[in-house]
$ cat query33.cif   # mmCIF, C-alpha atoms
data_start
loop_
_atom_site.label_atom_id
_atom_site.label_comp_id
_atom_site.auth_asym_id
_atom_site.auth_seq_id
_atom_site.Cartn_x
_atom_site.Cartn_y
_atom_site.Cartn_z
CA MET A 1 66.79 110.85 27.00
CA LEU A 2 68.37 113.11 24.40
CA THR A 3 66.82 116.45 24.08
CA GLN A 4 67.54 118.84 21.30
CA GLU A 5 69.50 121.05 23.69
CA ASN A 6 71.71 118.13 24.85
CA LEU A 7 72.29 117.08 21.26
CA MET A 8 73.37 120.60 20.28
CA ARG A 9 75.71 120.75 23.26
CA GLN A 10 77.38 117.47 22.22
CA PHE A 11 77.83 118.75 18.64
CA ARG A 12 79.43 121.95 19.96
CA VAL A 13 81.83 120.02 22.19
CA ALA A 14 82.70 117.67 19.33
CA GLY A 15 83.29 120.64 17.01
CA MET A 16 85.59 122.34 19.52
CA LEU A 17 87.52 119.12 20.03
CA ARG A 18 87.89 118.62 16.28
CA ARG A 19 89.16 122.21 15.82
CA PHE A 20 91.66 121.76 18.65
CA VAL A 21 93.01 118.41 17.41
CA PHE A 22 93.07 119.15 13.69
CA SER A 23 94.02 122.82 13.70
CA GLU A 24 97.23 123.72 11.97
CA SER A 25 98.20 126.48 14.33
CA GLY A 26 101.10 125.65 16.63
CA VAL A 27 104.42 126.82 17.91
CA THR A 28 106.83 127.95 15.23
CA LEU A 29 110.56 127.34 15.27
CA MET A 30 111.21 131.03 15.87
CA GLU A 31 108.94 131.09 18.92
CA THR A 32 110.72 128.04 20.29
CA LEU A 33 114.16 129.62 19.78
CA VAL A 34 113.07 132.85 21.47
CA ALA A 35 111.70 130.90 24.42
CA LEU A 36 114.97 128.93 24.74
CA ALA A 37 117.03 132.14 24.54
CA LEU A 38 114.96 133.74 27.31
CA LEU A 39 115.30 130.61 29.42
CA GLY A 40 119.07 130.69 28.94
CA ILE A 41 119.31 134.38 29.84
CA ILE A 42 117.39 133.73 33.05
CA ALA A 43 119.25 130.50 33.95
CA VAL A 44 122.81 131.88 33.73
CA PRO A 45 122.57 134.31 36.70
CA ILE A 46 120.70 131.76 38.79
CA LEU A 47 123.31 129.04 38.21
CA SER A 48 126.12 131.54 38.79
CA GLY A 49 124.57 132.50 42.12
CA VAL A 50 124.25 128.87 43.15
CA ALA A 51 127.93 128.25 42.32
CA THR A 52 129.06 131.33 44.26
CA THR A 53 126.97 130.36 47.27
CA SER A 54 128.37 126.85 47.22
CA LYS A 55 131.96 128.10 47.14
CA ALA A 56 131.28 130.59 49.96
CA ALA A 57 129.80 127.83 52.11
CA PHE A 58 132.88 125.64 51.53
CA THR A 59 135.27 128.49 52.37
CA THR A 60 133.34 129.38 55.52
CA ASP A 61 133.35 125.75 56.67
CA GLU A 62 137.08 125.46 55.97
CA ARG A 63 137.89 128.62 57.96
CA ALA A 64 135.68 127.60 60.89
CA THR A 65 137.32 124.17 61.07
CA ALA A 66 140.81 125.71 60.84
CA GLU A 67 140.03 128.26 63.55
CA SER A 68 138.73 125.55 65.85
CA LEU A 69 141.88 123.51 65.30
CA ALA A 70 144.12 126.55 65.87
CA ARG A 71 142.41 127.44 69.15
CA GLY A 72 142.70 123.83 70.31
CA GLN A 73 146.40 123.81 69.41
CA LEU A 74 146.96 127.06 71.32
CA GLU A 75 145.33 125.61 74.43
CA TRP A 76 147.44 122.47 74.00
CA VAL A 77 150.64 124.55 73.96
CA LYS A 78 149.58 126.73 76.89
CA ASN A 79 148.94 123.60 78.99
CA ALA A 80 152.26 122.00 78.02
CA ASP A 81 155.41 122.49 80.12
CA TYR A 82 157.30 125.69 79.37
CA VAL A 83 160.56 125.03 77.52
CA TYR A 84 163.12 127.83 77.72
CA GLY A 85 164.63 128.71 74.35
CA ALA A 86 162.10 126.60 72.43
CA THR A 87 161.54 127.48 68.77
CA GLN A 88 158.60 125.15 68.30
CA TYR A 89 156.22 122.85 70.16
CA SER A 90 154.77 119.58 68.96
CA PRO A 91 151.13 119.94 67.88
CA ALA A 92 148.22 118.17 69.50
CA PRO A 93 146.82 115.21 67.58
CA ILE A 94 144.28 116.31 64.98
CA PRO A 95 140.92 114.54 65.45
CA ASP A 96 140.11 111.55 63.24
CA GLY A 97 137.00 112.74 61.49
CA LYS A 98 136.02 113.33 57.91
CA ASP A 99 135.87 117.06 58.70
CA TYR A 100 139.58 117.11 59.56
CA ILE A 101 141.05 115.22 56.60
CA GLY A 102 143.94 117.15 55.03
CA TYR A 103 144.48 119.57 57.94
CA SER A 104 147.85 120.10 59.62
CA ALA A 105 149.20 122.47 62.26
CA ILE A 106 152.63 124.02 62.77
CA ILE A 107 153.48 125.63 66.11
CA VAL A 108 156.35 128.14 66.30
CA ALA A 109 157.61 129.70 69.54
CA GLU A 110 159.56 132.96 69.78
CA PRO A 111 160.89 134.28 73.10
CA LEU A 112 159.92 137.92 73.57
CA HIS A 113 163.28 138.81 75.13
CA ASP A 114 166.83 137.55 74.84
CA PRO A 115 167.57 135.70 77.03
CA ASP A 116 164.20 133.97 77.39
CA ASP A 117 162.56 135.42 80.49
CA GLY A 118 159.52 133.13 80.58
CA ILE A 119 157.26 134.73 77.94
CA GLN A 120 156.98 133.29 74.44
CA LYS A 121 154.97 134.38 71.46
CA ILE A 122 153.21 131.32 69.99
CA ILE A 123 152.30 131.31 66.29
CA ILE A 124 150.01 128.55 65.07
CA THR A 125 149.60 128.01 61.35
CA VAL A 126 146.81 125.69 60.21
CA LYS A 127 146.95 124.37 56.67
CA HIS A 128 144.42 122.48 54.61
CA SER A 129 145.81 120.55 51.66
CA ASP A 130 149.14 122.39 52.10
CA GLU A 131 147.52 125.83 51.80
CA VAL A 132 147.54 128.20 54.78
CA VAL A 133 144.00 128.78 56.03
CA ILE A 134 144.59 130.64 59.29
CA ILE A 135 147.42 131.95 61.46
CA LEU A 136 146.68 132.41 65.16
CA GLU A 137 149.01 134.16 67.62
CA GLY A 138 149.05 133.93 71.39
CA TYR A 139 151.44 133.96 74.33
CA LYS A 140 152.79 131.30 76.66
CA VAL A 141 154.00 132.23 80.12
CA ASP A 142 156.11 130.15 82.50
CA ARG A 143 154.05 130.02 85.70
#
$ encode --input "query33.cif" --output "structure tokens"
Amino acid sequence: MLTQENLMRQFRVAGMLRRFVFSESGVTLMETLVALALLGIIAVPILSGVATTSKAAFTTDERATAESLARGQLEWVKNADYVYGATQYSPAPIPDGKDYIGYSAIIVAEPLHDPDDGIQKIIITVKHSDEVVIILEGYKVDR
């Protein structure tokens, strides 16, 4: 049953809908350009921060992997037989994992005294894609 109040309410709703759909007010080109400029100004620092964070995470991962390899190589050399007058030792095999692709190790030995009295300084250089990532030094003693 339609009462006069319900009928008036429907006319008001229909009038509001008509004004909303057929009104000529809208967003101008200038307002759109200002909004895009503000969006760009806000987006640049955010994207720059994301890029910096990503690079820092990669560098940290690379250094951690290289340090782990270097420490493993040092233990490998310390457990190997002592060679008097050695200038280098062969490195331990690098693990076969996707995390270790492109890594290499060079192990240099330097006797502390001449002639070699059973103490050598061991220098381990770990490279990733032919770039030095870390250099680790330790000592090997003939026991």
$ atom_distance --input "query33.cif" --atom1 "atom CA of Glu131 of chain A" --atom2 "atom CA of Phe58 of chain A"
14.6 Å
$ closest_residue --input "query33.cif" --among "A:Ile124, A:Leu112, A:Leu29, A:Ile119" --to "Asp142 of chain A" --atoms "all atoms listed in the file"
A:Ile119
$ residues_around --input "query33.cif" --residues "Ile107 of chain A" --least-positions-apart "4" --cutoff "7 Å" --atoms "only C-alpha atoms" --output "list in words"
Gln88, Tyr89, Ser90, Pro91, Ile122, Ile123, Ile124 and Thr125 of chain A
$ residues_around --input "query33.cif" --residues "Pro111 of chain A" --least-positions-apart "5" --cutoff "7 Å" --atoms "all atoms listed in the file" --output "count of residues only"
5
$ atom_distance --input "query33.cif" --atom1 "atom CA of Lys55 of chain A" --atom2 "atom CA of Ser129 of chain A"
16.4 Å
$ residues_around --input "query33.cif" --residues "segment 61-70 of chain A" --least-positions-apart "2" --cutoff "9 Å" --atoms "all atoms listed in the file" --output "ChimeraX atom specification"
/A:56-59,72-75,94,99-100,103-105,124-128,133-136
$ closest_residue --input "query33.cif" --among "A:Glu110, A:Asp81, A:Asp96, A:Glu5" --to "Glu137 of chain A" --atoms "only C-alpha atoms"
A:Glu110
$ atom_distance --input "query33.cif" --atom1 "atom CA of Gly138 of chain A" --atom2 "atom CA of Gly97 of chain A"
26.3 Å
$ axis_aligned_box --input "query33.cif" --around "segment 104-114 of chain A" --padding-each-side "4 Å" --output "lines of an AutoDock Vina configuration file"
center_x = 157.3
center_y = 129.5
center_z = 67.4
size_x = 27.0
size_y = 26.7
size_z = 23.5
$ closest_residue --input "query33.cif" --among "A:Lys98, A:Leu33, A:Arg71, A:Ala109" --to "Ala86 of chain A" --atoms "all atoms listed in the file"
A:Ala109
$ closest_residue --input "query33.cif" --among "A:Val141, A:Ala51, A:Leu36, A:Ala92" --to "Lys78 of chain A" --atoms "all atoms listed in the file"
A:Val141
$ closest_residue --input "query33.cif" --among "A:Met16, A:Met8, A:Leu47, A:Val108" --to "Val77 of chain A" --atoms "all atoms listed in the file"
A:Val108
$ closest_residue --input "query33.cif" --among "A:Thr32, A:Ile106, A:His113, A:Ile41" --to "Tyr84 of chain A" --atoms "all atoms listed in the file"
A:His113
$ decode --input "query33.cif" --residues "segment 31-63 of chain A" --atoms "N, CA and C atoms" --output "PDB file, in the first residue's frame"
ATOM      1  N   GLU A  31      42.565  18.729 -12.352  1.00  0.00           N
ATOM      2  CA  GLU A  31      42.505  17.943 -11.116  1.00  0.00           C
ATOM      3  C   GLU A  31      43.143  16.577 -11.307  1.00  0.00           C
ATOM      4  N   THR A  32      42.907  15.978 -12.465  1.00  0.00           N
ATOM      5  CA  THR A  32      43.504  14.676 -12.758  1.00  0.00           C
ATOM      6  C   THR A  32      45.026  14.773 -12.832  1.00  0.00           C
ATOM      7  N   LEU A  33      45.542  15.811 -13.481  1.00  0.00           N
ATOM      8  CA  LEU A  33      46.987  15.989 -13.601  1.00  0.00           C
ATOM      9  C   LEU A  33      47.636  16.248 -12.244  1.00  0.00           C
ATOM     10  N   VAL A  34      46.989  17.022 -11.410  1.00  0.00           N
ATOM     11  CA  VAL A  34      47.513  17.279 -10.062  1.00  0.00           C
ATOM     12  C   VAL A  34      47.550  15.980  -9.258  1.00  0.00           C
ATOM     13  N   ALA A  35      46.494  15.194  -9.362  1.00  0.00           N
ATOM     14  CA  ALA A  35      46.451  13.918  -8.637  1.00  0.00           C
ATOM     15  C   ALA A  35      47.559  12.983  -9.121  1.00  0.00           C
ATOM     16  N   LEU A  36      47.785  12.922 -10.429  1.00  0.00           N
ATOM     17  CA  LEU A  36      48.859  12.077 -10.964  1.00  0.00           C
ATOM     18  C   LEU A  36      50.236  12.575 -10.536  1.00  0.00           C
ATOM     19  N   ALA A  37      50.425  13.889 -10.494  1.00  0.00           N
ATOM     20  CA  ALA A  37      51.705  14.452 -10.054  1.00  0.00           C
ATOM     21  C   ALA A  37      51.966  14.095  -8.588  1.00  0.00           C
ATOM     22  N   LEU A  38      50.948  14.227  -7.750  1.00  0.00           N
ATOM     23  CA  LEU A  38      51.109  13.860  -6.338  1.00  0.00           C
ATOM     24  C   LEU A  38      51.412  12.376  -6.180  1.00  0.00           C
ATOM     25  N   LEU A  39      50.736  11.561  -6.952  1.00  0.00           N
ATOM     26  CA  LEU A  39      50.985  10.121  -6.911  1.00  0.00           C
ATOM     27  C   LEU A  39      52.425   9.813  -7.315  1.00  0.00           C
ATOM     28  N   GLY A  40      52.921  10.486  -8.339  1.00  0.00           N
ATOM     29  CA  GLY A  40      54.298  10.288  -8.779  1.00  0.00           C
ATOM     30  C   GLY A  40      55.301  10.728  -7.733  1.00  0.00           C
ATOM     31  N   ILE A  41      55.041  11.866  -7.094  1.00  0.00           N
ATOM     32  CA  ILE A  41      55.947  12.376  -6.054  1.00  0.00           C
ATOM     33  C   ILE A  41      56.011  11.406  -4.882  1.00  0.00           C
ATOM     34  N   ILE A  42      54.915  10.783  -4.554  1.00  0.00           N
ATOM     35  CA  ILE A  42      54.880   9.826  -3.444  1.00  0.00           C
ATOM     36  C   ILE A  42      55.501   8.491  -3.854  1.00  0.00           C
ATOM     37  N   ALA A  43      55.304   8.065  -5.096  1.00  0.00           N
ATOM     38  CA  ALA A  43      55.768   6.751  -5.541  1.00  0.00           C
ATOM     39  C   ALA A  43      57.283   6.671  -5.700  1.00  0.00           C
ATOM     40  N   VAL A  44      57.938   7.749  -6.107  1.00  0.00           N
ATOM     41  CA  VAL A  44      59.383   7.707  -6.359  1.00  0.00           C
ATOM     42  C   VAL A  44      60.175   7.307  -5.108  1.00  0.00           C
ATOM     43  N   PRO A  45      59.989   7.920  -3.948  1.00  0.00           N
ATOM     44  CA  PRO A  45      60.765   7.492  -2.777  1.00  0.00           C
ATOM     45  C   PRO A  45      60.442   6.061  -2.340  1.00  0.00           C
ATOM     46  N   ILE A  46      59.194   5.667  -2.497  1.00  0.00           N
ATOM     47  CA  ILE A  46      58.815   4.310  -2.098  1.00  0.00           C
ATOM     48  C   ILE A  46      59.525   3.293  -2.990  1.00  0.00           C
ATOM     49  N   LEU A  47      59.492   3.490  -4.297  1.00  0.00           N
ATOM     50  CA  LEU A  47      60.148   2.560  -5.215  1.00  0.00           C
ATOM     51  C   LEU A  47      61.663   2.586  -5.045  1.00  0.00           C
ATOM     52  N   SER A  48      62.218   3.742  -4.757  1.00  0.00           N
ATOM     53  CA  SER A  48      63.655   3.848  -4.503  1.00  0.00           C
ATOM     54  C   SER A  48      64.031   3.050  -3.255  1.00  0.00           C
ATOM     55  N   GLY A  49      63.233   3.144  -2.225  1.00  0.00           N
ATOM     56  CA  GLY A  49      63.478   2.382  -1.002  1.00  0.00           C
ATOM     57  C   GLY A  49      63.389   0.884  -1.227  1.00  0.00           C
ATOM     58  N   VAL A  50      62.439   0.457  -2.026  1.00  0.00           N
ATOM     59  CA  VAL A  50      62.302  -0.965  -2.339  1.00  0.00           C
ATOM     60  C   VAL A  50      63.535  -1.459  -3.094  1.00  0.00           C
ATOM     61  N   ALA A  51      64.022  -0.675  -4.056  1.00  0.00           N
ATOM     62  CA  ALA A  51      65.202  -1.059  -4.825  1.00  0.00           C
ATOM     63  C   ALA A  51      66.442  -1.141  -3.928  1.00  0.00           C
ATOM     64  N   THR A  52      66.606  -0.176  -3.038  1.00  0.00           N
ATOM     65  CA  THR A  52      67.752  -0.180  -2.126  1.00  0.00           C
ATOM     66  C   THR A  52      67.696  -1.373  -1.188  1.00  0.00           C
ATOM     67  N   THR A  53      66.536  -1.672  -0.671  1.00  0.00           N
ATOM     68  CA  THR A  53      66.372  -2.815   0.225  1.00  0.00           C
ATOM     69  C   THR A  53      66.676  -4.119  -0.493  1.00  0.00           C
ATOM     70  N   SER A  54      66.233  -4.238  -1.721  1.00  0.00           N
ATOM     71  CA  SER A  54      66.488  -5.440  -2.499  1.00  0.00           C
ATOM     72  C   SER A  54      67.986  -5.632  -2.737  1.00  0.00           C
ATOM     73  N   LYS A  55      68.685  -4.571  -3.081  1.00  0.00           N
ATOM     74  CA  LYS A  55      70.128  -4.661  -3.316  1.00  0.00           C
ATOM     75  C   LYS A  55      70.862  -5.005  -2.021  1.00  0.00           C
ATOM     76  N   ALA A  56      70.458  -4.418  -0.911  1.00  0.00           N
ATOM     77  CA  ALA A  56      71.089  -4.711   0.378  1.00  0.00           C
ATOM     78  C   ALA A  56      70.888  -6.170   0.765  1.00  0.00           C
ATOM     79  N   ALA A  57      69.712  -6.706   0.511  1.00  0.00           N
ATOM     80  CA  ALA A  57      69.447  -8.115   0.822  1.00  0.00           C
ATOM     81  C   ALA A  57      70.334  -9.023  -0.026  1.00  0.00           C
ATOM     82  N   PHE A  58      70.510  -8.696  -1.308  1.00  0.00           N
ATOM     83  CA  PHE A  58      71.367  -9.495  -2.183  1.00  0.00           C
ATOM     84  C   PHE A  58      72.809  -9.450  -1.701  1.00  0.00           C
ATOM     85  N   THR A  59      73.303  -8.260  -1.359  1.00  0.00           N
ATOM     86  CA  THR A  59      74.685  -8.108  -0.903  1.00  0.00           C
ATOM     87  C   THR A  59      74.917  -8.859   0.400  1.00  0.00           C
ATOM     88  N   THR A  60      73.977  -8.778   1.314  1.00  0.00           N
ATOM     89  CA  THR A  60      74.089  -9.487   2.589  1.00  0.00           C
ATOM     90  C   THR A  60      74.123 -10.990   2.373  1.00  0.00           C
ATOM     91  N   ASP A  61      73.269 -11.489   1.502  1.00  0.00           N
ATOM     92  CA  ASP A  61      73.241 -12.921   1.200  1.00  0.00           C
ATOM     93  C   ASP A  61      74.556 -13.359   0.564  1.00  0.00           C
ATOM     94  N   GLU A  62      75.074 -12.550  -0.346  1.00  0.00           N
ATOM     95  CA  GLU A  62      76.336 -12.876  -1.021  1.00  0.00           C
ATOM     96  C   GLU A  62      77.488 -12.932  -0.012  1.00  0.00           C
ATOM     97  N   ARG A  63      77.555 -11.961   0.888  1.00  0.00           N
ATOM     98  CA  ARG A  63      78.633 -11.944   1.892  1.00  0.00           C
ATOM     99  C   ARG A  63      78.516 -13.113   2.868  1.00  0.00           C
TER     100      ARG A  63
END
